[in-house]
file final13.cif (mmCIF, C-alpha atoms and all ligand atoms)
data_upload
#
loop_
_atom_site.group_PDB
_atom_site.id
_atom_site.type_symbol
_atom_site.label_atom_id
_atom_site.label_comp_id
_atom_site.auth_asym_id
_atom_site.auth_seq_id
_atom_site.Cartn_x
_atom_site.Cartn_y
_atom_site.Cartn_z
ATOM 1 C CA MET A 1 0.000 0.000 0.000
ATOM 2 C CA ASP A 2 1.240 3.471 -0.880
ATOM 3 C CA PRO A 3 1.571 5.311 2.451
ATOM 4 C CA ILE A 4 -0.378 8.520 2.971
ATOM 5 C CA ALA A 5 1.444 11.827 3.363
ATOM 6 C CA TYR A 6 0.205 15.289 4.292
ATOM 7 C CA VAL A 7 0.951 18.293 2.064
ATOM 8 C CA ASN A 8 -0.445 21.769 2.764
ATOM 9 C CA GLY A 9 -3.921 20.767 3.884
ATOM 10 C CA SER A 10 -4.351 17.521 1.921
ATOM 11 C CA PHE A 11 -3.769 13.862 2.656
ATOM 12 C CA VAL A 12 -2.325 12.275 -0.496
ATOM 13 C CA PRO A 13 -0.521 9.060 -1.485
ATOM 14 C CA LEU A 14 3.206 9.494 -0.751
ATOM 15 C CA SER A 15 4.099 8.939 -4.427
ATOM 16 C CA GLU A 16 1.915 11.933 -5.348
ATOM 17 C CA ALA A 17 3.069 14.217 -2.515
ATOM 18 C CA LYS A 18 4.893 17.140 -4.148
ATOM 19 C CA VAL A 19 6.109 20.677 -3.451
ATOM 20 C CA SER A 20 7.381 23.355 -5.865
ATOM 21 C CA ILE A 21 11.019 23.478 -7.028
ATOM 22 C CA LEU A 22 10.859 27.105 -5.857
ATOM 23 C CA ASP A 23 10.151 26.014 -2.304
ATOM 24 C CA ARG A 24 12.647 27.746 -0.023
ATOM 25 C CA GLY A 25 13.193 24.511 1.850
ATOM 26 C CA PHE A 26 14.574 23.058 -1.389
ATOM 27 C CA LEU A 27 16.476 26.184 -2.531
ATOM 28 C CA PHE A 28 17.895 27.476 0.770
ATOM 29 C CA ALA A 29 17.177 24.814 3.425
ATOM 30 C CA ASP A 30 14.985 27.613 4.829
ATOM 31 C CA GLY A 31 12.911 25.359 7.035
ATOM 32 C CA ILE A 32 12.546 23.468 10.293
ATOM 33 C CA TYR A 33 11.704 19.830 10.960
ATOM 34 C CA GLU A 34 10.651 17.563 13.803
ATOM 35 C CA VAL A 35 10.533 13.813 14.280
ATOM 36 C CA SER A 36 8.250 12.214 16.855
ATOM 37 C CA ALA A 37 8.209 8.536 17.725
ATOM 38 C CA VAL A 38 5.021 6.465 17.596
ATOM 39 C CA LEU A 39 4.424 3.569 20.003
ATOM 40 C CA ASP A 40 1.186 1.573 20.165
ATOM 41 C CA GLY A 41 -0.207 3.992 17.552
ATOM 42 C CA LYS A 42 0.402 6.999 19.835
ATOM 43 C CA LEU A 43 2.793 9.966 19.778
ATOM 44 C CA VAL A 44 5.682 9.839 22.246
ATOM 45 C CA ASP A 45 6.638 12.991 24.205
ATOM 46 C CA ASN A 46 5.010 15.032 21.441
ATOM 47 C CA ALA A 47 4.433 18.169 23.528
ATOM 48 C CA SER A 48 8.208 18.438 23.892
ATOM 49 C CA HIS A 49 8.720 18.109 20.118
ATOM 50 C CA LEU A 50 6.020 20.698 19.377
ATOM 51 C CA ALA A 51 7.508 23.108 21.929
ATOM 52 C CA ARG A 52 10.902 22.746 20.212
ATOM 53 C CA LEU A 53 9.230 23.246 16.813
ATOM 54 C CA GLN A 54 7.690 26.483 18.037
ATOM 55 C CA ARG A 55 11.023 27.672 19.412
ATOM 56 C CA SER A 56 12.923 26.745 16.218
ATOM 57 C CA VAL A 57 10.486 28.539 13.885
ATOM 58 C CA GLY A 58 10.554 31.550 16.224
ATOM 59 C CA GLU A 59 14.350 31.707 16.002
ATOM 60 C CA ILE A 60 14.142 32.055 12.184
ATOM 61 C CA SER A 61 11.012 34.300 12.199
ATOM 62 C CA LEU A 62 8.907 31.705 10.421
ATOM 63 C CA GLU A 63 5.231 31.610 11.319
ATOM 64 C CA LEU A 64 3.625 28.184 11.517
ATOM 65 C CA PRO A 65 0.753 27.833 9.011
ATOM 66 C CA GLU A 66 -1.290 25.890 11.608
ATOM 67 C CA SER A 67 -1.626 26.006 15.388
ATOM 68 C CA LEU A 68 0.286 23.422 17.439
ATOM 69 C CA GLU A 69 -3.070 21.845 18.371
ATOM 70 C CA ARG A 70 -3.968 21.454 14.683
ATOM 71 C CA ILE A 71 -0.494 20.101 13.880
ATOM 72 C CA GLU A 72 -0.963 17.395 16.505
ATOM 73 C CA GLU A 73 -4.393 16.574 15.056
ATOM 74 C CA ILE A 74 -2.806 16.181 11.618
ATOM 75 C CA GLN A 75 -0.053 13.968 13.056
ATOM 76 C CA LYS A 76 -2.722 11.774 14.671
ATOM 77 C CA GLU A 77 -4.807 11.601 11.514
ATOM 78 C CA LEU A 78 -1.729 10.579 9.527
ATOM 79 C CA ILE A 79 -0.944 7.831 12.050
ATOM 80 C CA ALA A 80 -4.531 6.581 11.787
ATOM 81 C CA ARG A 81 -4.641 6.739 7.980
ATOM 82 C CA ASN A 82 -1.366 4.781 7.778
ATOM 83 C CA LYS A 83 -2.431 2.387 10.563
ATOM 84 C CA LEU A 84 0.985 3.085 12.085
ATOM 85 C CA GLU A 85 1.628 1.129 15.291
ATOM 86 C CA SER A 86 5.351 1.735 15.746
ATOM 87 C CA GLY A 87 7.566 4.192 13.902
ATOM 88 C CA LEU A 88 8.067 7.868 13.276
ATOM 89 C CA VAL A 89 6.162 10.923 12.126
ATOM 90 C CA TYR A 90 8.347 13.395 10.226
ATOM 91 C CA LEU A 91 7.126 16.957 9.824
ATOM 92 C CA GLU A 92 8.706 19.856 8.007
ATOM 93 C CA VAL A 93 7.725 23.481 7.675
ATOM 94 C CA THR A 94 9.472 25.776 5.204
ATOM 95 C CA ARG A 95 9.082 29.448 4.367
ATOM 96 C CA GLY A 96 7.159 28.415 1.248
ATOM 97 C CA ALA A 97 7.535 28.793 -2.521
ATOM 98 C CA ASP A 98 8.053 32.252 -4.019
ATOM 99 C CA LYS A 99 8.043 33.281 -7.715
ATOM 100 C CA GLY A 100 11.836 33.361 -7.879
ATOM 101 C CA ARG A 101 14.929 32.978 -5.721
ATOM 102 C CA ASP A 102 15.440 35.954 -3.427
ATOM 103 C CA PHE A 103 17.490 35.385 -0.300
ATOM 104 C CA ALA A 104 15.553 37.842 1.874
ATOM 105 C CA PHE A 105 12.128 36.702 3.128
ATOM 106 C CA PRO A 106 9.462 37.363 0.451
ATOM 107 C CA LYS A 107 6.322 39.045 1.778
ATOM 108 C CA GLY A 108 2.969 37.286 2.003
ATOM 109 C CA LEU A 109 4.290 33.777 1.394
ATOM 110 C CA LYS A 110 2.337 30.850 2.831
ATOM 111 C CA PRO A 111 4.675 28.413 4.577
ATOM 112 C CA THR A 112 4.798 24.831 3.320
ATOM 113 C CA LEU A 113 3.822 22.117 5.827
ATOM 114 C CA ILE A 114 4.414 18.466 4.999
ATOM 115 C CA MET A 115 4.350 15.267 7.033
ATOM 116 C CA PHE A 116 4.949 11.595 6.394
ATOM 117 C CA THR A 117 5.320 8.490 8.515
ATOM 118 C CA SER A 118 7.750 5.582 8.523
ATOM 119 C CA VAL A 119 7.470 2.155 10.085
ATOM 120 C CA LYS A 120 10.149 1.252 12.652
ATOM 121 C CA ASP A 121 10.145 -1.281 15.458
ATOM 122 C CA ILE A 122 11.947 0.982 17.936
ATOM 123 C CA ILE A 123 11.407 -1.275 20.954
ATOM 124 C CA ASN A 124 12.822 -4.444 19.371
ATOM 125 C CA ALA A 125 15.664 -2.845 17.387
ATOM 126 C CA PRO A 126 18.507 -5.432 17.457
ATOM 127 C CA SER A 127 21.025 -2.608 18.053
ATOM 128 C CA ALA A 128 19.443 -1.980 21.463
ATOM 129 C CA ARG A 129 20.705 -5.422 22.491
ATOM 130 C CA THR A 130 24.070 -5.388 20.725
ATOM 131 C CA GLY A 131 24.876 -1.691 21.081
ATOM 132 C CA ILE A 132 26.210 0.487 18.290
ATOM 133 C CA ALA A 133 29.646 1.510 17.068
ATOM 134 C CA VAL A 134 30.361 5.216 16.622
ATOM 135 C CA ILE A 135 33.170 7.009 14.841
ATOM 136 C CA THR A 136 34.324 10.564 15.498
ATOM 137 C CA VAL A 137 34.403 13.374 12.946
ATOM 138 C CA PRO A 138 35.116 17.106 13.230
ATOM 139 C CA ASP A 139 31.960 19.128 13.937
ATOM 140 C CA ILE A 140 31.786 21.386 10.877
ATOM 141 C CA ARG A 141 28.229 22.690 11.481
ATOM 142 C CA TRP A 142 27.102 26.314 11.811
ATOM 143 C CA GLU A 143 26.822 28.161 15.116
ATOM 144 C CA ARG A 144 23.060 27.764 15.699
ATOM 145 C CA ARG A 145 22.783 24.016 16.209
ATOM 146 C CA ASP A 146 20.018 24.637 18.757
ATOM 147 C CA ILE A 147 17.683 25.326 15.800
ATOM 148 C CA LYS A 148 16.309 22.138 14.249
ATOM 149 C CA SER A 149 17.037 23.348 10.733
ATOM 150 C CA VAL A 150 16.691 21.139 7.651
ATOM 151 C CA ALA A 151 20.238 22.207 6.638
ATOM 152 C CA LEU A 152 21.782 18.833 7.506
ATOM 153 C CA LEU A 153 24.640 18.457 5.021
ATOM 154 C CA ALA A 154 27.302 18.270 7.750
ATOM 155 C CA GLN A 155 25.328 15.447 9.411
ATOM 156 C CA VAL A 156 24.761 13.708 6.060
ATOM 157 C CA LEU A 157 28.539 13.653 5.499
ATOM 158 C CA ALA A 158 29.239 12.602 9.097
ATOM 159 C CA LYS A 159 26.737 9.744 8.983
ATOM 160 C CA GLN A 160 27.946 8.635 5.540
ATOM 161 C CA ALA A 161 31.500 8.449 6.945
ATOM 162 C CA ALA A 162 30.074 6.361 9.822
ATOM 163 C CA ALA A 163 28.237 4.055 7.414
ATOM 164 C CA GLU A 164 31.402 3.568 5.343
ATOM 165 C CA ALA A 165 33.287 2.656 8.541
ATOM 166 C CA GLY A 166 30.573 0.144 9.489
ATOM 167 C CA ALA A 167 29.360 2.352 12.356
ATOM 168 C CA ALA A 168 25.821 3.486 13.122
ATOM 169 C CA GLU A 169 26.533 7.008 14.322
ATOM 170 C CA ALA A 170 29.172 9.756 14.182
ATOM 171 C CA TRP A 171 30.079 11.705 17.312
ATOM 172 C CA MET A 172 31.081 15.209 16.301
ATOM 173 C CA ILE A 173 34.121 16.801 17.917
ATOM 174 C CA GLU A 174 34.804 20.469 18.566
ATOM 175 C CA ASP A 175 37.755 21.828 20.573
ATOM 176 C CA GLY A 176 38.618 18.280 21.609
ATOM 177 C CA MET A 177 35.168 17.621 23.088
ATOM 178 C CA VAL A 178 32.146 15.655 21.856
ATOM 179 C CA THR A 179 29.288 17.955 20.910
ATOM 180 C CA GLU A 180 26.676 15.295 20.004
ATOM 181 C CA GLY A 181 25.862 12.581 17.475
ATOM 182 C CA GLY A 182 24.889 13.271 13.860
ATOM 183 C CA SER A 183 21.260 12.649 14.810
ATOM 184 C CA SER A 184 21.411 11.856 18.538
ATOM 185 C CA SER A 185 22.532 13.202 21.907
ATOM 186 C CA ALA A 186 25.634 11.678 23.534
ATOM 187 C CA PHE A 187 25.946 10.438 27.138
ATOM 188 C CA ILE A 188 28.546 8.639 29.235
ATOM 189 C CA LEU A 189 28.426 7.079 32.701
ATOM 190 C CA THR A 190 31.706 7.679 34.534
ATOM 191 C CA GLN A 191 33.466 5.058 36.672
ATOM 192 C CA ASP A 192 31.996 6.755 39.772
ATOM 193 C CA ASN A 193 28.471 6.569 38.333
ATOM 194 C CA VAL A 194 27.967 10.147 37.214
ATOM 195 C CA LEU A 195 25.845 10.559 34.104
ATOM 196 C CA VAL A 196 27.487 13.142 31.839
ATOM 197 C CA THR A 197 25.962 14.848 28.801
ATOM 198 C CA ARG A 198 26.806 18.187 27.249
ATOM 199 C CA HIS A 199 24.797 21.174 28.574
ATOM 200 C CA ASN A 200 22.275 22.761 26.199
ATOM 201 C CA SER A 201 23.562 25.823 24.331
ATOM 202 C CA ASN A 202 23.821 26.987 20.702
ATOM 203 C CA GLU A 203 26.405 24.224 20.241
ATOM 204 C CA ILE A 204 23.928 21.321 20.273
ATOM 205 C CA LEU A 205 20.318 20.523 19.484
ATOM 206 C CA PRO A 206 18.327 20.340 22.733
ATOM 207 C CA GLY A 207 17.263 16.705 22.369
ATOM 208 C CA CYS A 208 13.748 15.892 23.585
ATOM 209 C CA THR A 209 14.847 12.370 24.534
ATOM 210 C CA ARG A 210 17.938 13.813 26.263
ATOM 211 C CA LYS A 211 15.682 16.101 28.305
ATOM 212 C CA ALA A 212 13.357 13.263 29.338
ATOM 213 C CA VAL A 213 16.250 10.906 30.194
ATOM 214 C CA VAL A 214 17.969 13.577 32.333
ATOM 215 C CA LYS A 215 14.709 14.187 34.210
ATOM 216 C CA LEU A 216 13.976 10.477 34.681
ATOM 217 C CA ALA A 217 17.537 9.907 35.933
ATOM 218 C CA GLN A 218 17.308 12.876 38.320
ATOM 219 C CA GLU A 219 14.044 11.544 39.732
ATOM 220 C CA ARG A 220 15.916 8.312 40.505
ATOM 221 C CA GLN A 221 18.666 10.198 42.364
ATOM 222 C CA LEU A 222 21.317 9.530 39.746
ATOM 223 C CA ARG A 223 24.133 12.089 39.780
ATOM 224 C CA ILE A 224 24.173 14.154 36.594
ATOM 225 C CA GLU A 225 26.731 16.597 35.231
ATOM 226 C CA GLU A 226 25.758 18.622 32.172
ATOM 227 C CA ARG A 227 29.136 19.457 30.653
ATOM 228 C CA PRO A 228 31.291 18.555 27.644
ATOM 229 C CA PHE A 229 33.330 15.316 27.704
ATOM 230 C CA SER A 230 36.220 14.153 25.529
ATOM 231 C CA VAL A 231 36.615 10.925 23.567
ATOM 232 C CA SER A 232 39.328 9.762 25.985
ATOM 233 C CA GLU A 233 36.923 10.323 28.900
ATOM 234 C CA ALA A 234 34.264 8.350 27.012
ATOM 235 C CA LEU A 235 36.721 5.505 26.362
ATOM 236 C CA ALA A 236 37.633 5.443 30.070
ATOM 237 C CA ALA A 237 33.933 5.506 31.068
ATOM 238 C CA LYS A 238 31.870 2.635 32.444
ATOM 239 C CA GLU A 239 29.157 3.062 29.797
ATOM 240 C CA ALA A 240 28.191 5.264 26.877
ATOM 241 C CA PHE A 241 24.907 5.724 25.052
ATOM 242 C CA ALA A 242 23.015 7.816 22.524
ATOM 243 C CA THR A 243 19.449 9.122 22.722
ATOM 244 C CA SER A 244 16.959 10.261 20.092
ATOM 245 C CA ALA A 245 13.292 9.966 19.180
ATOM 246 C CA SER A 246 14.095 7.163 16.744
ATOM 247 C CA LEU A 247 16.530 5.259 19.002
ATOM 248 C CA PHE A 248 15.231 6.027 22.506
ATOM 249 C CA VAL A 249 18.286 4.975 24.571
ATOM 250 C CA GLN A 250 20.897 3.101 22.560
ATOM 251 C CA PRO A 251 24.119 1.621 23.999
ATOM 252 C CA VAL A 252 27.377 2.815 22.414
ATOM 253 C CA VAL A 253 29.899 -0.018 22.648
ATOM 254 C CA SER A 254 32.830 1.299 20.629
ATOM 255 C CA ILE A 255 34.319 4.601 19.517
ATOM 256 C CA ASP A 256 36.636 4.678 16.493
ATOM 257 C CA GLY A 257 37.014 0.906 16.790
ATOM 258 C CA LYS A 258 38.043 0.982 20.480
ATOM 259 C CA PRO A 259 35.702 -0.674 22.988
ATOM 260 C CA VAL A 260 33.891 1.315 25.675
ATOM 261 C CA ALA A 261 34.551 -0.712 28.883
ATOM 262 C CA ASP A 262 34.072 -4.393 27.938
ATOM 263 C CA GLY A 263 32.473 -3.504 24.592
ATOM 264 C CA LYS A 264 29.001 -4.593 25.743
ATOM 265 C CA PRO A 265 25.872 -2.558 26.548
ATOM 266 C CA GLY A 266 26.048 -1.286 30.121
ATOM 267 C CA ALA A 267 23.602 -2.180 32.905
ATOM 268 C CA MET A 268 22.670 1.451 33.613
ATOM 269 C CA THR A 269 22.097 2.104 29.906
ATOM 270 C CA ASN A 270 19.779 -0.897 29.704
ATOM 271 C CA ARG A 271 17.942 0.264 32.826
ATOM 272 C CA LEU A 272 17.551 3.812 31.471
ATOM 273 C CA ARG A 273 16.221 2.369 28.218
ATOM 274 C CA GLU A 274 13.571 0.404 30.139
ATOM 275 C CA ILE A 275 12.690 3.467 32.206
ATOM 276 C CA TYR A 276 12.393 5.605 29.078
ATOM 277 C CA ILE A 277 10.164 3.029 27.349
ATOM 278 C CA GLU A 278 7.921 2.954 30.428
ATOM 279 C CA PHE A 279 7.726 6.764 30.385
ATOM 280 C CA ALA A 280 7.084 6.808 26.604
ATOM 281 C CA ARG A 281 4.230 4.305 26.874
ATOM 282 C CA ALA A 282 2.680 5.950 29.912
ATOM 283 C CA THR A 283 2.646 9.463 28.443
ATOM 284 C CA ALA A 284 2.001 8.804 24.713
ATOM 285 C CA VAL A 285 -1.045 10.574 23.241
HETATM 286 N N1 LIG B 1 21.097 15.913 18.105
HETATM 287 C C1 LIG B 1 20.912 16.021 16.786
HETATM 288 C C2 LIG B 1 21.917 16.753 15.968
HETATM 289 C C3 LIG B 1 19.764 15.469 16.185
HETATM 290 O O1 LIG B 1 19.580 15.586 14.857
HETATM 291 C C4 LIG B 1 18.843 14.763 16.996
HETATM 292 C C5 LIG B 1 17.645 14.154 16.409
HETATM 293 O O2 LIG B 1 17.435 14.166 15.231
HETATM 294 C C6 LIG B 1 19.091 14.663 18.373
HETATM 295 C C7 LIG B 1 20.224 15.256 18.894
HETATM 296 C C8 LIG B 1 18.143 13.941 19.269
HETATM 297 O O3 LIG B 1 16.995 14.722 19.486
HETATM 298 P P1 LIG B 1 15.607 14.049 19.903
HETATM 299 O O4 LIG B 1 15.888 13.282 21.159
HETATM 300 O O5 LIG B 1 14.714 15.215 20.141
HETATM 301 O O6 LIG B 1 15.198 13.184 18.778
#
call {"tool": "encode", "arguments": {"input": "final13.cif", "output": "structure tokens"}}
result
Amino acid sequence: MDPIAYVNGSFVPLSEAKVSILDRGFLFADGIYEVSAVLDGKLVDNASHLARLQRSVGEISLELPESLERIEEIQKELIARNKLESGLVYLEVTRGADKGRDFAFPKGLKPTLIMFTSVKDIINAPSARTGIAVITVPDIRWERRDIKSVALLAQVLAKQAAAEAGAAEAWMIEDGMVTEGGSSSAFILTQDNVLVTRHNSNEILPGCTRKAVVKLAQERQLRIEERPFSVSEALAAKEAFATSASLFVQPVVSIDGKPVADGKPGAMTNRLREIYIEFARATAV
């Protein structure tokens, strides 16, 4: 069955879902995106994703064409139309299609809003049991990584380098410290059981899963330090893991071919994954 997508007010078969070649998302990457997980046919932590969407569009002075309430209704309708039980809903809003290609914002343009879904068994992903390998690459992105912009070429190149090295993710390095993964937040658990993840700033995307995991860990009295860490600190750590809407909590078992601890998923990582899944199920809408 051809999946159903949403394009500017209409639900259409994915193969017929089209936008103009003059769309500013296509010409300038002048747009914002969000990805929410779906479990049991329901949206996971979606309020957090919509709040980040609103912040991101605000930072580039782009007005959403629909209210957040309506956007969530559309997400839900798309899930229902695709009979999606487990997977992802992708949404993108761009500044729209003008009559030509002017860099400055054209006046009176209606933003483009598109959504589509993909099937993914997030809970039973084999990599959650085996863990994933990561490589490191220089972080060559711009200075506003807190905005969830569709300009992802640096991450495309980073993740392609990872794929070519047989790894699932690239950890990006700036000034000798890990910023984050190409499409995930990075965590380590130190030998004295402190959970470390970089603090939010313009240098990283404020991950929704990161935020939830930090809160869930705090509620369980785990010690947390929000600060940068280096690759050598990660290699000397007890455990390492990545978080994102499409991975939840995913063990990282090697970095640049060197094992983290014994090269197996850590006990705390596995526990945090279970806790996150419980939270995701209990709060999904
Ligand atoms: N960091 C980057 C650069 C990302 O692209 C993503 C997700 O795509 C994340 C972190 C994780 O964010 P979230 O947990 O909201 O999916």
call {"tool": "resolve_selection", "arguments": {"input": "final13.cif", "expression": "the PyMOL selection byres (((chain A and resi 23) around 8) and not hetatm)", "output": "list in words"}}
result
Val19, Ser20, Ile21, Leu22, Arg24, Gly25, Phe26, Leu27, Thr94, Arg95, Gly96, Ala97, Asp98 and Thr112 of chain A
call {"tool": "closest_atom_pairs", "arguments": {"input": "final13.cif", "of": "chain A", "to": "ligand LIG 1 (chain B)", "cutoff": "10 Å", "atoms": "all atoms listed in the file", "output": "CSV"}}
result
residue,atom,partner,partner_atom,distance
A:Tyr33,CA,B:LIG1,O2,9.1
A:Glu34,CA,B:LIG1,O2,7.7
A:Val35,CA,B:LIG1,O6,6.5
A:Ser36,CA,B:LIG1,O6,7.3
A:Ala37,CA,B:LIG1,O6,8.5
A:Asp45,CA,B:LIG1,O5,9.3
A:Asn46,CA,B:LIG1,O5,9.8
A:Ser48,CA,B:LIG1,O5,8.2
A:His49,CA,B:LIG1,O5,6.7
A:Arg52,CA,B:LIG1,O5,8.4
A:Arg141,CA,B:LIG1,C2,9.8
A:Arg145,CA,B:LIG1,C2,7.3
A:Asp146,CA,B:LIG1,C2,8.6
A:Ile147,CA,B:LIG1,C2,9.6
A:Lys148,CA,B:LIG1,O1,7.3
A:Ser149,CA,B:LIG1,O1,9.2
A:Val150,CA,B:LIG1,O1,9.5
A:Leu152,CA,B:LIG1,O1,8.3
A:Ala154,CA,B:LIG1,C2,9.9
A:Gln155,CA,B:LIG1,C2,7.5
A:Trp171,CA,B:LIG1,C2,9.7
A:Met172,CA,B:LIG1,C2,9.3
A:Thr179,CA,B:LIG1,N1,8.9
A:Glu180,CA,B:LIG1,N1,5.9
A:Gly181,CA,B:LIG1,N1,5.8
A:Gly182,CA,B:LIG1,C2,5.0
A:Ser183,CA,B:LIG1,O1,3.4
A:Ser184,CA,B:LIG1,C7,3.6
A:Ser185,CA,B:LIG1,C7,4.3
A:Ala186,CA,B:LIG1,C7,8.0
A:Glu203,CA,B:LIG1,C2,9.7
A:Ile204,CA,B:LIG1,N1,6.5
A:Leu205,CA,B:LIG1,N1,4.9
A:Pro206,CA,B:LIG1,O3,6.6
A:Gly207,CA,B:LIG1,O3,3.5
A:Cys208,CA,B:LIG1,O5,3.6
A:Thr209,CA,B:LIG1,O4,3.6
A:Arg210,CA,B:LIG1,O4,5.5
A:Lys211,CA,B:LIG1,O4,7.7
A:Ala212,CA,B:LIG1,O4,8.6
A:Val213,CA,B:LIG1,O4,9.3
A:Ala242,CA,B:LIG1,C8,8.5
A:Thr243,CA,B:LIG1,O4,5.7
A:Ser244,CA,B:LIG1,O4,3.4
A:Ala245,CA,B:LIG1,O6,3.8
A:Ser246,CA,B:LIG1,O6,6.5
A:Leu247,CA,B:LIG1,O6,8.0
A:Phe248,CA,B:LIG1,O4,7.4
A:Val249,CA,B:LIG1,O4,9.3
call {"tool": "closest_residue", "arguments": {"input": "final13.cif", "among": "A:Asn8, A:Lys258, A:Leu272, A:Leu64", "to": "Leu216 in chain A", "atoms": "only C-alpha atoms"}}
result
A:Leu272
call {"tool": "atom_distance", "arguments": {"input": "final13.cif", "atom1": "CA of Val44 in chain A", "atom2": "CA of Glu278 in chain A"}}
result
10.9 Å
call {"tool": "resolve_selection", "arguments": {"input": "final13.cif", "expression": "the PyMOL selection byres (((chain A and resi 87) around 7) and not hetatm)", "output": "PyMOL selection string"}}
result
chain A and resi 37-39+84-86+88+118-122
call {"tool": "write_last_selection", "arguments": {"input": "final13.cif", "atoms": "C-alpha atoms", "output": "short mmCIF file (atom, residue, chain, number, x, y, z; two decimals), in the frame of the given file"}}
result
data_model
loop_
_atom_site.label_atom_id
_atom_site.label_comp_id
_atom_site.auth_asym_id
_atom_site.auth_seq_id
_atom_site.Cartn_x
_atom_site.Cartn_y
_atom_site.Cartn_z
CA ALA A 37 8.21 8.54 17.73
CA VAL A 38 5.02 6.46 17.60
CA LEU A 39 4.42 3.57 20.00
CA LEU A 84 0.98 3.08 12.08
CA GLU A 85 1.63 1.13 15.29
CA SER A 86 5.35 1.74 15.75
CA LEU A 88 8.07 7.87 13.28
CA SER A 118 7.75 5.58 8.52
CA VAL A 119 7.47 2.15 10.09
CA LYS A 120 10.15 1.25 12.65
CA ASP A 121 10.14 -1.28 15.46
CA ILE A 122 11.95 0.98 17.94
#
call {"tool": "residues_around", "arguments": {"input": "final13.cif", "residues": "Gln221 in chain A", "least_positions_apart": "4", "cutoff": "12 Å", "atoms": "all atoms listed in the file", "output": "tab-separated table (two decimals) with C-alpha atoms, in the coordinates of the input"}}
result
chain	number	residue	atom	x	y	z
A	193	ASN	CA	28.47	6.57	38.33
A	194	VAL	CA	27.97	10.15	37.21
A	195	LEU	CA	25.84	10.56	34.10
A	214	VAL	CA	17.97	13.58	32.33
A	215	LYS	CA	14.71	14.19	34.21
A	216	LEU	CA	13.98	10.48	34.68
A	217	ALA	CA	17.54	9.91	35.93
call {"tool": "decode", "arguments": {"input": "final13.cif", "residues": "range 70-97 of chain A", "atoms": "C-alpha atoms", "output": "mmCIF file, in the first residue's frame"}}
result
data_model
loop_
_atom_site.group_PDB
_atom_site.id
_atom_site.type_symbol
_atom_site.label_atom_id
_atom_site.label_comp_id
_atom_site.auth_asym_id
_atom_site.auth_seq_id
_atom_site.Cartn_x
_atom_site.Cartn_y
_atom_site.Cartn_z
ATOM 1 C CA ARG A 70 -3.968 21.454 14.683
ATOM 2 C CA ILE A 71 -0.494 20.101 13.880
ATOM 3 C CA GLU A 72 -0.963 17.395 16.505
ATOM 4 C CA GLU A 73 -4.393 16.574 15.056
ATOM 5 C CA ILE A 74 -2.806 16.181 11.618
ATOM 6 C CA GLN A 75 -0.053 13.968 13.056
ATOM 7 C CA LYS A 76 -2.722 11.774 14.671
ATOM 8 C CA GLU A 77 -4.807 11.601 11.514
ATOM 9 C CA LEU A 78 -1.729 10.579 9.527
ATOM 10 C CA ILE A 79 -0.944 7.831 12.050
ATOM 11 C CA ALA A 80 -4.531 6.581 11.787
ATOM 12 C CA ARG A 81 -4.641 6.739 7.980
ATOM 13 C CA ASN A 82 -1.366 4.781 7.778
ATOM 14 C CA LYS A 83 -2.431 2.387 10.563
ATOM 15 C CA LEU A 84 0.985 3.085 12.085
ATOM 16 C CA GLU A 85 1.628 1.129 15.291
ATOM 17 C CA SER A 86 5.351 1.735 15.746
ATOM 18 C CA GLY A 87 7.566 4.192 13.902
ATOM 19 C CA LEU A 88 8.067 7.868 13.276
ATOM 20 C CA VAL A 89 6.162 10.923 12.126
ATOM 21 C CA TYR A 90 8.347 13.395 10.226
ATOM 22 C CA LEU A 91 7.126 16.957 9.824
ATOM 23 C CA GLU A 92 8.706 19.856 8.007
ATOM 24 C CA VAL A 93 7.725 23.481 7.675
ATOM 25 C CA THR A 94 9.472 25.776 5.204
ATOM 26 C CA ARG A 95 9.082 29.448 4.367
ATOM 27 C CA GLY A 96 7.159 28.415 1.248
ATOM 28 C CA ALA A 97 7.535 28.793 -2.521
#
